[in-house]
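Everything below belongs to protein_28.cif, which stores mmCIF, C-alpha atoms and all ligand atoms.
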```cif
data_work
loop_
_atom_site.label_atom_id
_atom_site.label_comp_id
_atom_site.auth_asym_id
_atom_site.auth_seq_id
_atom_site.Cartn_x
_atom_site.Cartn_y
_atom_site.Cartn_z
CA MET E 1250 14.03 12.53 -23.45
CA THR E 1251 13.98 10.07 -20.55
CA ALA E 1252 12.05 6.85 -21.03
CA ALA E 1253 8.71 6.47 -19.26
CA ARG E 1254 9.13 4.59 -16.01
CA ILE E 1255 7.41 1.24 -15.69
CA VAL E 1256 5.37 1.04 -12.50
CA ILE E 1257 3.30 -1.77 -10.98
CA VAL E 1258 0.61 -0.81 -8.47
CA THR E 1259 -1.08 -3.72 -6.72
CA GLY E 1260 -4.68 -3.07 -5.74
CA GLY E 1261 -4.64 -0.13 -8.13
CA ALA E 1262 -8.27 -0.38 -9.22
CA GLN E 1263 -9.80 1.84 -6.55
CA ASN E 1264 -9.32 4.34 -3.73
CA ILE E 1265 -5.68 4.69 -2.52
CA GLY E 1266 -4.35 2.41 -5.28
CA ALA E 1267 -6.22 4.33 -7.99
CA ALA E 1268 -4.82 7.62 -6.66
CA ILE E 1269 -1.30 6.13 -6.82
CA VAL E 1270 -1.91 4.98 -10.41
CA GLU E 1271 -3.15 8.45 -11.33
CA ARG E 1272 -0.15 10.18 -9.70
CA PHE E 1273 2.38 8.13 -11.68
CA GLN E 1274 0.38 8.48 -14.89
CA ARG E 1275 0.48 12.26 -14.51
CA ASP E 1276 4.28 11.96 -14.85
CA GLY E 1277 3.93 10.00 -18.06
CA ALA E 1278 4.78 6.67 -16.41
CA THR E 1279 3.49 3.42 -17.86
CA VAL E 1280 1.39 1.98 -15.06
CA VAL E 1281 0.36 -1.64 -14.63
CA CYS E 1282 -2.59 -2.14 -12.30
CA ALA E 1283 -2.37 -5.59 -10.70
CA ASP E 1284 -5.71 -6.18 -9.04
CA LEU E 1285 -8.48 -8.73 -8.75
CA ASN E 1286 -10.77 -6.13 -10.34
CA PRO E 1287 -10.23 -4.11 -13.51
CA HIS E 1288 -9.25 -0.44 -13.53
CA ALA E 1289 -11.94 1.81 -15.00
CA ASP E 1290 -9.40 3.74 -17.13
CA LYS E 1291 -8.52 1.67 -20.18
CA THR E 1292 -5.22 3.56 -20.68
CA VAL E 1293 -3.96 1.75 -17.56
CA HIS E 1294 -2.48 -1.67 -18.31
CA TYR E 1295 -4.63 -3.99 -16.28
CA VAL E 1296 -3.32 -7.44 -15.42
CA ARG E 1297 -5.76 -9.47 -13.37
CA THR E 1298 -3.68 -10.62 -10.41
CA ASP E 1299 -4.26 -12.30 -7.11
CA ILE E 1300 -1.18 -11.25 -5.16
CA ALA E 1301 -1.74 -14.05 -2.65
CA ASP E 1302 -1.29 -16.62 -5.40
CA GLU E 1303 2.26 -17.41 -6.57
CA THR E 1304 1.22 -18.57 -10.06
CA SER E 1305 -0.75 -15.37 -10.60
CA VAL E 1306 2.18 -13.18 -9.49
CA ILE E 1307 4.61 -15.07 -11.74
CA ALA E 1308 2.22 -14.55 -14.69
CA LEU E 1309 2.07 -10.80 -13.87
CA MET E 1310 5.86 -10.45 -13.84
CA ASN E 1311 6.21 -12.54 -17.02
CA GLU E 1312 3.78 -10.22 -18.77
CA VAL E 1313 5.66 -7.12 -17.57
CA SER E 1314 8.97 -8.69 -18.60
CA GLU E 1315 7.70 -9.56 -22.10
CA ARG E 1316 6.07 -6.17 -22.69
CA PHE E 1317 8.59 -3.83 -21.08
CA GLY E 1318 11.75 -5.84 -20.33
CA HIS E 1319 12.27 -4.32 -16.89
CA LEU E 1320 10.51 -2.67 -13.95
CA ASP E 1321 11.32 0.63 -12.25
CA VAL E 1322 8.79 0.83 -9.43
CA LEU E 1323 6.71 -1.66 -7.46
CA VAL E 1324 3.99 -0.30 -5.17
CA ASN E 1325 2.59 -2.96 -2.84
CA ASN E 1326 -0.74 -1.37 -2.02
CA ALA E 1327 -3.32 -4.19 -2.12
CA GLY E 1328 -4.49 -5.13 1.35
CA ILE E 1329 -7.52 -6.21 3.33
CA CYS E 1330 -8.74 -5.81 6.88
CA ILE E 1331 -11.17 -7.80 9.00
CA GLU E 1332 -13.11 -6.65 12.06
CA THR E 1333 -13.19 -9.39 14.68
CA PRO E 1334 -12.51 -9.76 18.38
CA LEU E 1335 -9.28 -11.72 18.67
CA HIS E 1336 -10.88 -14.71 20.47
CA GLU E 1337 -13.48 -15.06 17.70
CA THR E 1338 -11.00 -14.80 14.84
CA THR E 1339 -10.69 -18.03 12.89
CA VAL E 1340 -7.49 -19.54 11.54
CA GLU E 1341 -8.98 -19.11 8.03
CA GLN E 1342 -9.43 -15.35 8.65
CA TRP E 1343 -5.87 -15.05 9.99
CA ASP E 1344 -4.53 -16.94 6.97
CA ARG E 1345 -6.52 -14.85 4.47
CA VAL E 1346 -5.31 -11.50 5.83
CA MET E 1347 -1.73 -12.73 6.08
CA ALA E 1348 -1.91 -14.28 2.59
CA ILE E 1349 -2.82 -10.96 0.99
CA ASN E 1350 -1.09 -8.38 3.19
CA VAL E 1351 2.13 -10.26 3.93
CA ARG E 1352 2.55 -13.19 1.52
CA GLY E 1353 1.31 -10.95 -1.32
CA THR E 1354 3.95 -8.31 -0.54
CA PHE E 1355 6.59 -11.04 -0.36
CA LEU E 1356 5.55 -12.67 -3.66
CA THR E 1357 5.36 -9.49 -5.72
CA SER E 1358 8.71 -8.30 -4.33
CA LYS E 1359 10.37 -11.67 -4.88
CA TYR E 1360 9.34 -11.84 -8.53
CA ALA E 1361 9.72 -8.12 -9.27
CA LEU E 1362 13.30 -7.82 -7.99
CA PRO E 1363 14.92 -9.61 -10.98
CA LEU E 1364 13.15 -7.11 -13.28
CA MET E 1365 14.34 -4.20 -11.16
CA THR E 1366 18.00 -5.21 -11.30
CA GLN E 1367 17.95 -4.93 -15.12
CA GLU E 1368 20.24 -2.22 -16.49
CA ALA E 1369 17.30 -0.36 -18.00
CA ALA E 1370 15.69 0.20 -14.60
CA SER E 1371 15.86 3.84 -13.56
CA HIS E 1372 16.05 4.69 -9.83
CA PRO E 1373 14.38 1.39 -8.96
CA ALA E 1374 12.23 1.56 -5.85
CA ILE E 1375 9.72 -0.50 -3.93
CA VAL E 1376 7.11 1.26 -1.82
CA ASN E 1377 5.02 -0.88 0.53
CA ILE E 1378 1.79 0.37 2.04
CA SER E 1379 1.80 -0.49 5.73
CA SER E 1380 -0.41 1.33 8.26
CA ILE E 1381 -0.17 3.25 11.51
CA GLU E 1382 -1.97 0.19 12.86
CA GLY E 1383 1.39 -1.57 12.72
CA LEU E 1384 2.55 1.04 15.25
CA GLY E 1385 -0.51 1.60 17.44
CA ALA E 1386 -3.76 -0.24 18.05
CA ASN E 1387 -7.40 0.05 17.02
CA PRO E 1388 -9.89 -2.43 18.50
CA LEU E 1389 -10.84 -5.58 16.56
CA HIS E 1390 -7.81 -5.34 14.27
CA ALA E 1391 -5.26 -7.72 15.82
CA VAL E 1392 -4.69 -9.66 12.60
CA TYR E 1393 -4.51 -6.55 10.44
CA ALA E 1394 -2.10 -4.87 12.88
CA ALA E 1395 0.16 -7.93 12.90
CA SER E 1396 0.15 -8.04 9.10
CA LYS E 1397 1.09 -4.37 8.75
CA ALA E 1398 3.87 -4.64 11.37
CA ALA E 1399 5.17 -7.53 9.27
CA VAL E 1400 5.15 -5.32 6.17
CA ALA E 1401 7.29 -2.77 8.02
CA GLY E 1402 9.83 -5.43 9.01
CA PHE E 1403 9.86 -6.81 5.49
CA THR E 1404 10.53 -3.30 4.19
CA HIS E 1405 13.66 -2.88 6.35
CA ASN E 1406 15.06 -6.17 5.17
CA THR E 1407 14.35 -5.58 1.48
CA ALA E 1408 16.13 -2.22 1.74
CA LEU E 1409 19.12 -3.84 3.40
CA GLU E 1410 19.49 -6.71 0.96
CA TYR E 1411 18.90 -4.85 -2.31
CA GLY E 1412 20.54 -1.48 -1.64
CA ARG E 1413 23.69 -2.88 -3.25
CA TYR E 1414 21.75 -3.19 -6.52
CA GLY E 1415 20.62 0.43 -6.31
CA ILE E 1416 17.11 -0.59 -5.25
CA ARG E 1417 15.53 1.37 -2.43
CA CYS E 1418 12.61 0.10 -0.37
CA ASN E 1419 10.40 2.18 1.90
CA ALA E 1420 6.95 1.94 3.42
CA VAL E 1421 4.18 4.47 3.71
CA ALA E 1422 2.07 4.09 6.84
CA PRO E 1423 -1.24 5.83 6.22
CA GLY E 1424 -3.45 6.91 9.08
CA TRP E 1425 -7.17 7.50 8.61
CA ILE E 1426 -7.71 7.82 4.88
CA ASN E 1427 -11.21 8.63 3.74
CA THR E 1428 -12.12 5.51 1.76
CA PRO E 1429 -14.85 2.84 2.17
CA PHE E 1430 -12.11 0.67 3.78
CA ASN E 1431 -13.12 2.18 7.16
CA GLU E 1432 -16.86 1.66 6.75
CA GLN E 1433 -16.92 -1.67 8.63
CA LEU E 1434 -15.57 0.10 11.71
CA LEU E 1435 -17.69 3.24 11.36
CA ALA E 1436 -20.89 1.22 10.90
CA GLN E 1437 -20.56 0.04 14.50
CA TYR E 1438 -21.07 3.53 15.97
CA PRO E 1439 -24.75 4.48 16.48
CA ASP E 1440 -24.24 8.25 15.93
CA ARG E 1441 -22.39 8.61 12.66
CA ALA E 1442 -22.23 12.42 12.67
CA ALA E 1443 -20.77 12.44 16.19
CA VAL E 1444 -18.13 9.83 15.40
CA ASP E 1445 -17.14 11.62 12.17
CA ALA E 1446 -16.54 14.81 14.18
CA GLU E 1447 -14.59 12.92 16.85
CA ILE E 1448 -12.34 11.23 14.31
CA LYS E 1449 -11.63 14.55 12.64
CA ALA E 1450 -10.67 16.00 16.04
CA LEU E 1451 -8.06 13.27 16.51
CA HIS E 1452 -6.01 14.90 13.76
CA PRO E 1453 -3.83 17.93 14.54
CA VAL E 1454 -4.18 19.03 10.89
CA GLY E 1455 -7.97 19.18 11.41
CA ARG E 1456 -8.98 16.86 8.60
CA LEU E 1457 -8.95 13.23 7.52
CA GLY E 1458 -6.47 11.95 4.96
CA SER E 1459 -7.25 11.50 1.28
CA PRO E 1460 -5.95 8.89 -1.17
CA THR E 1461 -4.01 11.73 -2.81
CA ASP E 1462 -2.10 12.37 0.44
CA VAL E 1463 -0.83 8.79 0.31
CA ALA E 1464 -0.24 8.83 -3.46
CA ASN E 1465 1.93 11.96 -3.32
CA THR E 1466 4.14 10.41 -0.65
CA VAL E 1467 4.45 7.11 -2.53
CA HIS E 1468 5.36 9.00 -5.69
CA TRP E 1469 8.04 10.99 -3.90
CA LEU E 1470 9.52 7.87 -2.26
CA ALA E 1471 9.76 6.26 -5.70
CA SER E 1472 11.47 9.29 -7.21
CA ALA E 1473 15.13 10.25 -7.41
CA GLU E 1474 14.33 13.18 -5.08
CA SER E 1475 14.23 10.75 -2.14
CA GLY E 1476 17.33 8.91 -3.35
CA PHE E 1477 19.06 8.79 0.08
CA ILE E 1478 15.99 7.41 1.88
CA SER E 1479 15.67 3.66 2.24
CA GLY E 1480 14.36 1.24 4.86
CA GLN E 1481 12.02 3.88 6.31
CA GLU E 1482 8.36 3.89 7.21
CA VAL E 1483 6.91 7.32 6.44
CA ILE E 1484 3.81 8.09 8.50
CA VAL E 1485 1.07 9.93 6.61
CA ASP E 1486 -1.53 10.51 9.32
CA GLY E 1487 -2.05 14.24 9.76
CA GLY E 1488 -0.14 14.12 13.06
CA ARG E 1489 -2.54 11.65 14.72
CA LEU E 1490 0.13 9.35 16.17
CA ALA E 1491 2.05 12.35 17.52
CA LYS E 1492 -0.95 13.44 19.58
CA LEU E 1493 -0.94 12.14 23.16
CA PRO E 1494 -4.42 11.72 24.64
CA LEU E 1495 -5.27 14.41 27.25
CA PRO E 1496 -8.64 15.42 28.75
CA ASN E 1497 -10.03 18.46 26.89
CA LEU E 1498 -9.01 21.85 28.39
N1 LIG E 1501 -8.10 3.46 3.95
C1 LIG E 1501 -7.36 3.63 5.04
O1 LIG E 1501 -7.71 4.36 5.96
C2 LIG E 1501 -6.02 2.93 5.15
C3 LIG E 1501 -5.20 3.23 6.24
C4 LIG E 1501 -3.98 2.60 6.37
C5 LIG E 1501 -3.57 1.69 5.41
N2 LIG E 1501 -4.38 1.40 4.36
C6 LIG E 1501 -3.87 0.44 3.40
O2 LIG E 1501 -3.90 1.03 2.10
C7 LIG E 1501 -4.12 0.01 1.12
C8 LIG E 1501 -5.30 0.42 0.23
O3 LIG E 1501 -6.41 0.76 1.03
P1 LIG E 1501 -7.81 1.22 0.37
O4 LIG E 1501 -8.53 1.96 1.42
O5 LIG E 1501 -7.59 1.86 -0.95
O6 LIG E 1501 -8.48 -0.25 0.21
P2 LIG E 1501 -9.55 -0.77 -0.85
O7 LIG E 1501 -10.20 -1.97 -0.22
O8 LIG E 1501 -10.43 0.33 -1.31
O9 LIG E 1501 -8.67 -1.24 -2.09
C9 LIG E 1501 -7.87 -2.39 -2.03
C10 LIG E 1501 -7.63 -2.88 -3.45
O10 LIG E 1501 -6.86 -4.08 -3.34
C11 LIG E 1501 -7.42 -5.06 -4.21
N3 LIG E 1501 -7.10 -6.39 -3.70
C12 LIG E 1501 -7.58 -6.98 -2.58
N4 LIG E 1501 -7.11 -8.24 -2.49
C13 LIG E 1501 -6.30 -8.43 -3.56
C14 LIG E 1501 -5.53 -9.53 -4.03
N5 LIG E 1501 -5.51 -10.70 -3.39
N6 LIG E 1501 -4.83 -9.38 -5.17
C15 LIG E 1501 -4.84 -8.20 -5.85
N7 LIG E 1501 -5.57 -7.13 -5.46
C16 LIG E 1501 -6.30 -7.26 -4.34
C17 LIG E 1501 -8.92 -4.77 -4.20
O11 LIG E 1501 -9.57 -5.35 -5.33
C18 LIG E 1501 -8.93 -3.23 -4.20
O12 LIG E 1501 -8.89 -2.72 -5.51
C19 LIG E 1501 -4.34 -1.29 1.90
O13 LIG E 1501 -3.13 -1.99 1.98
C20 LIG E 1501 -4.72 -0.80 3.28
O14 LIG E 1501 -4.40 -1.74 4.29
C21 LIG E 1501 -5.59 1.99 4.21
#
```

Can I see the file as structure tokens?
Ligand SMILES: NC(=O)c1ccc[n+]([C@@H]2O[C@H](COP(=O)([O-])OP(=O)(O)OC[C@H]3O[C@@H](n4cnc5c(N)ncnc54)[C@H](O)[C@@H]3O)[C@@H](O)[C@H]2O)c1
Amino acid sequence: MTAARIVIVTGGAQNIGAAIVERFQRDGATVVCADLNPHADKTVHYVRTDIADETSVIALMNEVSERFGHLDVLVNNAGICIETPLHETTVEQWDRVMAINVRGTFLTSKYALPLMTQEAASHPAIVNISSIEGLGANPLHAVYAASKAAVAGFTHNTALEYGRYGIRCNAVAPGWINTPFNEQLLAQYPDRAAVDAEIKALHPVGRLGSPTDVANTVHWLASAESGFISGQEVIVDGGRLAKLPLPNL
């Protein structure tokens, strides 16, 4: 019998993160949810963590090291977005988004890597959650877009530097995933039903994404089945980015 893999999911308490936790648990993995808020399922090991804070991340990795001795998978999912016109964005807002989305990904990776180079680690892999907004633009999201483009660059470098230790690193770039994350943007449209229909129509697959769509891809990228894939950003957007705008026929 193979040992249960040890997996950390940041921001695993809700929505996409919770779906990722659930997907790994279904495999029998031991999942640590590192979030500011607790996970509702008490079978998930919850470690209260602020990924933007170095002391908090060190405490998380110390706890994982003491309990499990190594780490197989790190999923950097926690992230925030703000909705502001660029010229009104404050330095504090810029710093906050960058502290969580970029510094957080750096800190968890930095302190997880020594646990992933342990002999006990099986097919060690890091999966970062970026966004298609690192590749194309939505209005009011300049800071978020910059942070997610940074995550993609960080992913390439991590893959390059740690491949020699057998550690792979990839990113998943979700498109429109149906979670409350998008409510700030949607709330600005006066006709909600009309905008919902328009957003759906942007997707060649004819539907919005679900947290499970992202979770399945993350799970695959962390598995031995994707063992020759590293340094990639896998777009999970129902074909939206592939669709060039054209007036309706
Ligand atoms: N929902 C989408 O359409 C979409 C699209 C592309 C990318 N993403 C990315 O997917 C990820 C998850 O999105 P979601 O919709 O599930 O968001 P969400 O806001 O529902 O969940 C984010 C989780 O991260 C946690 N978190 C926030 N700051 C943290 C911190 N400093 N330390 C630890 N945990 C923290 C929150 O408590 C929450 O549980 C984010 O990185 C987001 O940028 C989402």

Spatial neighbours of range 1327-1332 of chain E, 6 Å, all atoms listed in the file, chain gap at least 3 places, as a ChimeraX atom specification: /E:1259-1260,1350,1389-1390,1393

Two-atom distance - atom O12 of ligand LIG 1501 (chain E), CA of Gly1480 in chain E (Å): 25.8 Å

Pairwise distance for CA of Ala1283 in chain E and atom N2 of ligand LIG 1501 (chain E), rounded to one decimal in Å: 16.7 Å

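Among the candidates E:Asp1486, E:Glu1474, E:Glu1432, E:Glu1410, the one nearest to Leu1362 in chain E when counting all atoms listed in the file is E:Glu1410.
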
Residue nearest ligand LIG 1501 (chain E) among E:Pro1363, E:Gly1277, E:Gly1385, E:Pro1373 (counting only C-alpha atoms and all ligand atoms): E:Gly1385

Specify the axis-aligned box that encloses all atoms of range 1415-1425 of chain E listed in the file after padding of 3 Å on each side, stating its centre and edge lengths in Å to one decimal as JSON.
```
{"center_x": 6.7, "center_y": 3.5, "center_z": 1.4, "size_x": 33.8, "size_y": 14.1, "size_z": 21.4}
```

Surrounding residues as a ChimeraX atom specification, ligand LIG 1501 (chain E), max 7 Å, only C-alpha atoms and all ligand atoms: /E:1259-1266,1283-1286,1298-1301,1326-1330,1349-1350,1378-1381,1422-1431

Check which residues of range 1270-1304 of chain E sit at most 12 Å from range 1452-1461 of chain E using all atoms listed in the file, and return one row each with the closest pair of atoms and their distance in Å to one decimal, ordered by chain and rising number, as a tab-separated table.
```
residue	atom	partner	partner_atom	distance
E:Val1270	CA	E:Thr1461	CA	10.4
E:Glu1271	CA	E:Thr1461	CA	9.2
E:Arg1272	CA	E:Thr1461	CA	8.0
E:Phe1273	CA	E:Thr1461	CA	11.5
```
